[in-house]
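The structure appears right after this line, and notes come after that.
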Amino acid sequence: MKLARQAWLIFRKDLLLEWRGRARTVSVILFGIVTLVLFSFALGPEAEPLRRGAAGFLTLALLLSSVLGLNESFRLEQEDRALDGLLLRPVEPTALFYGKAMGSAFLLLLLAVVLLPAAVVLYDLSPTPGGMLRLLGLWALAAAGLAAPGTLYAAITGRLQSQDVALPLLLFPLVVPVLLGSVKAMDLVLTGDPMRQLQSWTLLLAGFDAIYWSVCGVLFPFAIEES
Amino acid sequence: MEAAAPAPALETRDLGRRFGRRWALAHVDLEVPAGGSLLLAGANGSGKTTLLRLVSGRLESSAGTLRVFGLDPRRQRGTVRSGLSLVAHHLSLYPRLTAAETLALWLRLGGEEASRARVGELWVEAGLEEHGDVEVGGFSAGMRKRLALVRVRIETPRLLLLDEPFSALDAAGRAWLAQWLAGLHREGVGLVIASHALEWAAPLCQRAVRLTAGQVTWRGPAADLLVEGRAR
Amino acid sequence: MNRGWIRWSGLAGLVLLAVGTWIGLFVAPAERHMGDVQRIMYVHVPSAWVAMVCYTTAFVFAIVSLWSGRRVWDDRLVGAVEVGAVLNALLLIQGSLWGRATWGVWWDWDVRLTTSLVMLLLFAGVLALRRLADDEGRRASWSAVATIVAYVDVPLVYFCVRWWRSLHQVQSSPDTVDPAMVVPLRLNAIGLLLVAIWMASRRRRIEGARREAESAAPPARVASEEVARA
């Protein structure tokens, strides 16, 4: 009970800080759009290869933007050693993890609101309204899959000298299942699903989320208490 | 286990901590009785901050034993932490939160209701009447310090750890702080103060130690630090 | 631990490897379809097995390391991860050579090849993190955390790559192949395992010695006369 309450307070605090520093959040979203545009230059201007690659580009834009958001989330905590203050409050490290991971997942979900329509326009996609909702759902699953291990690793790399390199180095290989699952599933939504595979990929994403939201929650206290 | 006397607030035996090959602290023996007070004197880099971080449990010791309220601050983290407060050099404030939001967050994290009245009461105590709705990032160093200090009111610790509390304050602020700390101490809160401002800190403490390169090189009544020649 | 035993096991491992490889190259019959190329299997399959054994051991050490908080387990962890990563790298090179000879390409997004590539990146990340962490306590707990997180990922990667790209290379189990092929495979597997144990234990000792050297006795206690008691 205390855990859920503290996690909720941390989550709300992160959203408030995100709102106050919205220039930064907007930059992350712009970065996502720039990525989408760059893919058009790499594979365009014909519409066909872009349309076929759309699921992959969307997922990569999410992945690349996530690193910026996650690094920022712990830069806030390190700036004035706010993290020490929270832990000595004492806030349960587990509550801290779930609060911050939810905050990051929420931010990444927010990205979808801009990036999905942008991709529809840029890549000439024509998803049905139902398809759009499915894309949003898949995006949420992928965002959650990045946020949990991302929060664990950002807590670690936030205290390193070379944090900007360290986080993607650790995170990207780890989230290969999220990447593959999200690309495949979104592609099935966008280009049709004759073999009825969408459900398996969705389950894979959900399974990854379930595993990493629990494992990282258990490991986070060990990562954060050593200083 | 003796049931009668309360466990000392702080007790160390041969305590040491190293960073890589460098020992920031070594062979430190200290005892602060429950509700007692200790002044840590010593030059910059003599190990005062390391000692406070060890006591708070944010750092693990490399040698010796450390007991806070008779408990191991690394093993019984929750219990130890709920009994102590640390006001460190870094004040653990979020620059983009207002003073009122900061106080409300602390209150709620501690399981209290953050009513307007309660928050207002605290920012008045910190002397921030007109600035409750200003973002902390716009505060002067002294205001930030006072805001960080009133968190002690929320945490109601048995032992208060302070790292250079008198820095960044003007003369009036120091006088206010000295009086405020004396009040807390009278209420039974133990104090461990690391400070250069001996003229302000010494009168607050009963005992004192001087650290040199991570080791205790002098110990005695805190008042002696103010008497030329006795503590050198 | 009995160091003599470890040293002899290393030596025995090398002998087994030599014998196994000799049998594999000169005694075992050539495979019907693939010919002599298939003989790489006698080092390739044992590399894969032993790399997995190393990572699994590292995973167990990581859990014990976090649970006990004792640094010895971190020394053991680094031994297991490093030897695992070396075998993993060899595995990729062998797989690539084999792919070139069989499929005509150096690289193919085959399930096991892809999984071992991701696996190497994951554990290389663990080793990189160790290098970046400046404090002993952080190094130990962060390595353990990263090892656990990476190890849990391996089966997930395997399954999703298999779905992603189903270029089936049905695993051959020992009972469908010629017994003359089983002998060198088994010998090499045991030999490589012994060598790996030997290497990992050497690495553990190096790590332990490095740690000891760093934690050399704290500076002498200031003479008690100087600490005037008032």
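Labels used: A, B, ... for chains in the order of the structure tokens, numbers from 1 for residues in each chain, and numbers from 1 for ligands as shown.
The part of chain A that reaches within 6 Å of chain C is made up of Leu170, Pro173, Pro177, Ala223 and Glu226 of chain A, counting only C-alpha atoms.
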message: DSSP on the backbone: which residues in region 24-176 of chain B end up as strand (DSSP E)? Give the answer as number ranges by chain.
response: B: 24-32, 37-42, 63-68, 84-87, 159-163
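Near chain B, within 6 Å and counting only C-alpha atoms, the residues of chain A are Gln6, Asp80, Arg81, Ala82, Gly85, Leu88, Pro90 and Ser227 of chain A.
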Interface rows for chain B against chain C: nearest pair, Å to one decimal, 9 Å, only C-alpha atoms, as a tab-separated table:
```
residue	atom	partner	partner_atom	distance
B:Gly16	CA	C:Pro218	CA	7.8
B:Arg17	CA	C:Pro218	CA	8.9
B:Arg18	CA	C:Ser215	CA	7.7
B:Phe19	CA	C:Asp135	CA	6.5
B:Gly20	CA	C:Glu214	CA	6.3
B:Arg21	CA	C:Glu214	CA	5.0
B:Arg22	CA	C:Glu214	CA	8.6
B:Trp23	CA	C:Pro218	CA	6.4
B:Leu25	CA	C:Pro218	CA	8.7
B:Ala26	CA	C:Pro218	CA	6.4
B:His27	CA	C:Arg221	CA	6.2
B:Glu60	CA	C:Gly137	CA	8.0
B:Ser62	CA	C:Ser215	CA	8.6
B:Ala63	CA	C:Pro218	CA	8.8
B:Gln215	CA	C:Val222	CA	7.1
B:Val216	CA	C:Val227	CA	7.3
B:Thr217	CA	C:Val227	CA	5.3
B:Trp218	CA	C:Val227	CA	4.9
B:Arg219	CA	C:Arg229	CA	6.2
B:Gly220	CA	C:Ala230	CA	5.0
B:Pro221	CA	C:Ala230	CA	7.1
B:Ala231	CA	C:Ala228	CA	9.0
```
- prompt: If you measure from CA of Thr59 (chain A) to CA of Val120 (chain A), what distance in Å do you get, rounded to one decimal?
  reply: 13.8 Å
- request: Show which residues sit within 9 Å of region 174-190 of chain B, as JSON, numbers by chain. Count only C-alpha atoms, and ignore same-chain residues fewer than 3 positions away.
  value: {"B": [9, 32, 33, 34, 35, 36, 37, 38, 146, 149, 156, 157, 158, 159, 160, 161, 165, 166, 167, 169, 170, 171, 200, 201, 203, 204]}
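For the atom pair formed by CA of Gly145 (chain A) and CA of Val215 (chain A), the distance is 12.0 Å, given to one decimal.
Counting only C-alpha atoms, region 198-207 of chain C has the following residues at most 8 Å away, ignoring those fewer than 5 positions along the same chain: Ile6, Arg7, Ser9, Gly10, Asp75, Arg76, Leu77, Val78, Gly79, Ala80, Glu82 and Val83 of chain C.
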Suppose we keep N, CA and C atoms; can you now write the selection as a PDB file, in the first residue's frame?
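In the end it all went to result19.pdb:
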```
ATOM      1  N   ILE C   6      42.645 -27.800 -10.118  1.00  0.00           N
ATOM      2  CA  ILE C   6      42.268 -26.940 -11.239  1.00  0.00           C
ATOM      3  C   ILE C   6      43.325 -26.991 -12.333  1.00  0.00           C
ATOM      4  N   ARG C   7      44.610 -26.904 -11.907  1.00  0.00           N
ATOM      5  CA  ARG C   7      45.679 -26.886 -12.901  1.00  0.00           C
ATOM      6  C   ARG C   7      45.675 -28.191 -13.697  1.00  0.00           C
ATOM      7  N   SER C   9      43.242 -30.165 -14.168  1.00  0.00           N
ATOM      8  CA  SER C   9      42.059 -30.262 -15.024  1.00  0.00           C
ATOM      9  C   SER C   9      42.285 -29.487 -16.311  1.00  0.00           C
ATOM     10  N   GLY C  10      42.998 -28.359 -16.217  1.00  0.00           N
ATOM     11  CA  GLY C  10      43.309 -27.591 -17.410  1.00  0.00           C
ATOM     12  C   GLY C  10      44.156 -28.403 -18.366  1.00  0.00           C
ATOM     13  N   ASP C  75      34.359 -11.783  -8.195  1.00  0.00           N
ATOM     14  CA  ASP C  75      35.556 -12.301  -8.872  1.00  0.00           C
ATOM     15  C   ASP C  75      35.177 -13.504  -9.724  1.00  0.00           C
ATOM     16  N   ARG C  76      34.375 -14.388  -9.142  1.00  0.00           N
ATOM     17  CA  ARG C  76      33.972 -15.587  -9.876  1.00  0.00           C
ATOM     18  C   ARG C  76      33.120 -15.209 -11.072  1.00  0.00           C
ATOM     19  N   LEU C  77      32.238 -14.245 -10.860  1.00  0.00           N
ATOM     20  CA  LEU C  77      31.351 -13.784 -11.932  1.00  0.00           C
ATOM     21  C   LEU C  77      32.155 -13.305 -13.129  1.00  0.00           C
ATOM     22  N   VAL C  78      33.166 -12.481 -12.882  1.00  0.00           N
ATOM     23  CA  VAL C  78      33.896 -11.918 -14.009  1.00  0.00           C
ATOM     24  C   VAL C  78      34.647 -13.017 -14.757  1.00  0.00           C
ATOM     25  N   GLY C  79      35.168 -14.013 -14.009  1.00  0.00           N
ATOM     26  CA  GLY C  79      35.817 -15.143 -14.670  1.00  0.00           C
ATOM     27  C   GLY C  79      34.862 -15.846 -15.615  1.00  0.00           C
ATOM     28  N   ALA C  80      33.678 -16.152 -15.125  1.00  0.00           N
ATOM     29  CA  ALA C  80      32.714 -16.897 -15.943  1.00  0.00           C
ATOM     30  C   ALA C  80      32.251 -16.075 -17.148  1.00  0.00           C
ATOM     31  N   GLU C  82      33.764 -13.555 -18.694  1.00  0.00           N
ATOM     32  CA  GLU C  82      34.809 -13.318 -19.689  1.00  0.00           C
ATOM     33  C   GLU C  82      35.092 -14.555 -20.519  1.00  0.00           C
ATOM     34  N   VAL C  83      35.226 -15.712 -19.862  1.00  0.00           N
ATOM     35  CA  VAL C  83      35.476 -16.935 -20.624  1.00  0.00           C
ATOM     36  C   VAL C  83      34.288 -17.230 -21.531  1.00  0.00           C
TER      37      VAL C  83
END
```
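The shell of residues at most 8 Å from Ala28 (chain C), with only C-alpha atoms counted and near chain neighbours (fewer than 6 positions) removed, consists of C:Ala180, C:Met181, C:Pro184.
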Restricted to N, CA and C atoms, what would the selected residues look like written as a PDB file, in the first residue's frame?
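Here's the written file result-v5.pdb:
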```
ATOM      1  N   ALA C 180      30.969 -42.778 -34.518  1.00  0.00           N
ATOM      2  CA  ALA C 180      32.345 -42.315 -34.671  1.00  0.00           C
ATOM      3  C   ALA C 180      32.425 -40.792 -34.615  1.00  0.00           C
ATOM      4  N   MET C 181      31.266 -40.127 -34.850  1.00  0.00           N
ATOM      5  CA  MET C 181      31.253 -38.670 -34.743  1.00  0.00           C
ATOM      6  C   MET C 181      30.978 -38.235 -33.314  1.00  0.00           C
ATOM      7  N   PRO C 184      34.480 -37.890 -30.803  1.00  0.00           N
ATOM      8  CA  PRO C 184      35.264 -36.651 -30.765  1.00  0.00           C
ATOM      9  C   PRO C 184      34.454 -35.469 -30.228  1.00  0.00           C
TER      10      PRO C 184
END
```
- prompt: Counting only C-alpha atoms, what is within 10 Å of Ser104 (chain A), bar same-chain residues fewer than 6 positions away, as an MDAnalysis selection string?
  reply: chainID A and resid 11 14:15 18 66 69:70 72:73 98 110 143:144 146:148 150:151
- prompt: Can you list, as an MDAnalysis selection string, every residue of region 8-177 of chain B that DSSP puts in alpha helix (DSSP H)?
  reply: chainID B and resid 48:56 77:83 99:109 116:125 141:155 171:177
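Computed from the coordinates, the CA of Pro46 (chain C) to CA of Leu185 (chain C) distance equals 7.0 Å.
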